[in-house]
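Undergrad: Can you read through this structure? Questions will come right after.
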Amino acid sequence: MKMIVAIIRPERLEAVEEALKKVLDEGDHYRITVDTVEGHGRQEGEVEFFRGQKVRSGKVQKTRVTVSVNDAYVEKTVDAILSGARSEGGGAVGDGKIFVMPLEQVIRIRTGERGGSAI
């Protein structure tokens, strides 16, 4: 089992969700969580004006997508996120990152079920 965390542009979320739906469905045992985050990387923050002075925000708003899948679906999931999150024209600074981490245990609270079938 793996947990895949992707930090993407907020405007690319719909495209990522559509790409995931094409390769995964409820029968393939995946779940998705989406939240709004702030951070910085190579993409610089936006310039704002405060009391007439230019101020560059150090953080940029992004969307974090967390997907937990069984091992057989890791590459399909990563490829779907890549295709949905990449900017038109071959990508751009600020498109985001994907992190793949081992998932030691999953427990469904309702039933107490454990492992890959609990995803």
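Just remember, in the structure tokens the first chain shown is A, the second B, etc., residues are 1-based per chain, and ligands are 1-based in the order shown.
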Could you pull out the residues in segment 2-119 of chain A that DSSP calls helix (DSSP H, G or I) from the backbone, as a ChimeraX atom specification?
TA: /A:10-23,26-28,71-85,116-118
Undergrad: Using backbone DSSP assignments, extract all strand (DSSP E) residues from chain A; output them as a ChimeraX atom specification.
TA: /A:2-8,31-39,47-50,53-56,60-69,96-102
Undergrad: Residues at most 12 Å from Glu75 of chain A, counting only C-alpha atoms, excluding those fewer than 2 positions away in the same chain, as a PyMOL selection string?
TA: chain A and resi 2+4+20+23-24+69-73+77-82+98+100
Undergrad: Using only C-alpha atoms, please write the residues we just selected to a file, as a PDB file, in the first residue's frame.
TA:
ATOM      1  CA  LYS A   2       1.179   3.513  -0.777  1.00  0.00           C
ATOM      2  CA  ILE A   4       0.582   9.459  -2.771  1.00  0.00           C
ATOM      3  CA  LEU A  20      -7.804   9.699 -11.723  1.00  0.00           C
ATOM      4  CA  VAL A  23      -7.700   4.933 -14.288  1.00  0.00           C
ATOM      5  CA  LEU A  24      -9.201   4.250 -10.864  1.00  0.00           C
ATOM      6  CA  VAL A  69      -3.834   2.989  -3.212  1.00  0.00           C
ATOM      7  CA  ASN A  70      -2.791  -0.633  -3.256  1.00  0.00           C
ATOM      8  CA  ASP A  71       0.648  -1.281  -4.779  1.00  0.00           C
ATOM      9  CA  ALA A  72      -0.736  -2.407  -8.136  1.00  0.00           C
ATOM     10  CA  TYR A  73      -2.208   1.048  -8.763  1.00  0.00           C
ATOM     11  CA  THR A  77      -2.134   6.966 -10.106  1.00  0.00           C
ATOM     12  CA  VAL A  78       1.167   8.828 -10.525  1.00  0.00           C
ATOM     13  CA  ASP A  79       0.749   8.936 -14.314  1.00  0.00           C
ATOM     14  CA  ALA A  80      -2.809  10.253 -13.966  1.00  0.00           C
ATOM     15  CA  ILE A  81      -1.707  13.017 -11.596  1.00  0.00           C
ATOM     16  CA  LEU A  82       1.179  13.933 -13.917  1.00  0.00           C
ATOM     17  CA  ILE A  98       4.312  14.174  -6.215  1.00  0.00           C
ATOM     18  CA  VAL A 100       5.030   8.445  -2.896  1.00  0.00           C
TER      19      VAL A 100
END
Undergrad: Tell me which protein, DNA and RNA residues are within 10 Å of Ser68 of chain A, counting only C-alpha atoms, leaving out same-chain ones fewer than 3 positions away, and put them as JSON, numbers by chain.
TA: {"A": [1, 2, 3, 4, 5, 29, 30, 31, 32, 33, 71, 73, 74, 77, 100, 101, 102, 103, 106, 116, 119]}
Undergrad: Measure the distance from atom CA of Pro10 of chain A to atom CA of Phe49 of chain A in Å and round it to one decimal.
TA: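 Atom CA of Pro10 of chain A sits 22.9 Å away from atom CA of Phe49 of chain A.
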Undergrad: To one decimal place, how far is atom CA of Gly96 of chain A from atom CA of Ala118 of chain A in Å?
TA: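 Between atom CA of Gly96 of chain A and atom CA of Ala118 of chain A the gap is 28.8 Å.
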Undergrad: Take atom CA of Gly58 of chain A and atom CA of Glu17 of chain A and report the distance between them in Å, one decimal.
TA: 28.1 Å
Undergrad: Determine the nearest neighbour of Ser83 of chain A from the options A:Ala6, A:Arg51, A:Val16, A:Glu11, counting only C-alpha atoms.
TA: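 Of A:Ala6, A:Arg51, A:Val16, A:Glu11, the one nearest Ser83 of chain A, counting only C-alpha atoms, is A:Val16.
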Undergrad: Name all residues at most 12 Å from segment 93-95 of chain A (count only C-alpha atoms; drop same-chain ones fewer than 6 positions away) and give them as a list in words.
TA: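 Near segment 93-95 of chain A, the qualifying residues are Ala6, Ile7, Ile8, Arg9, Pro10, Glu11, Arg12, Leu13, Val16, Gly39, His40, Gly41, Arg42, Gln43, Glu44, Gly45, Lys59, Val60, Gln61, Lys62, Thr63, Arg64, Ile81, Leu82, Ser83, Gly84, Ala85, Arg86 and Ser87 of chain A.
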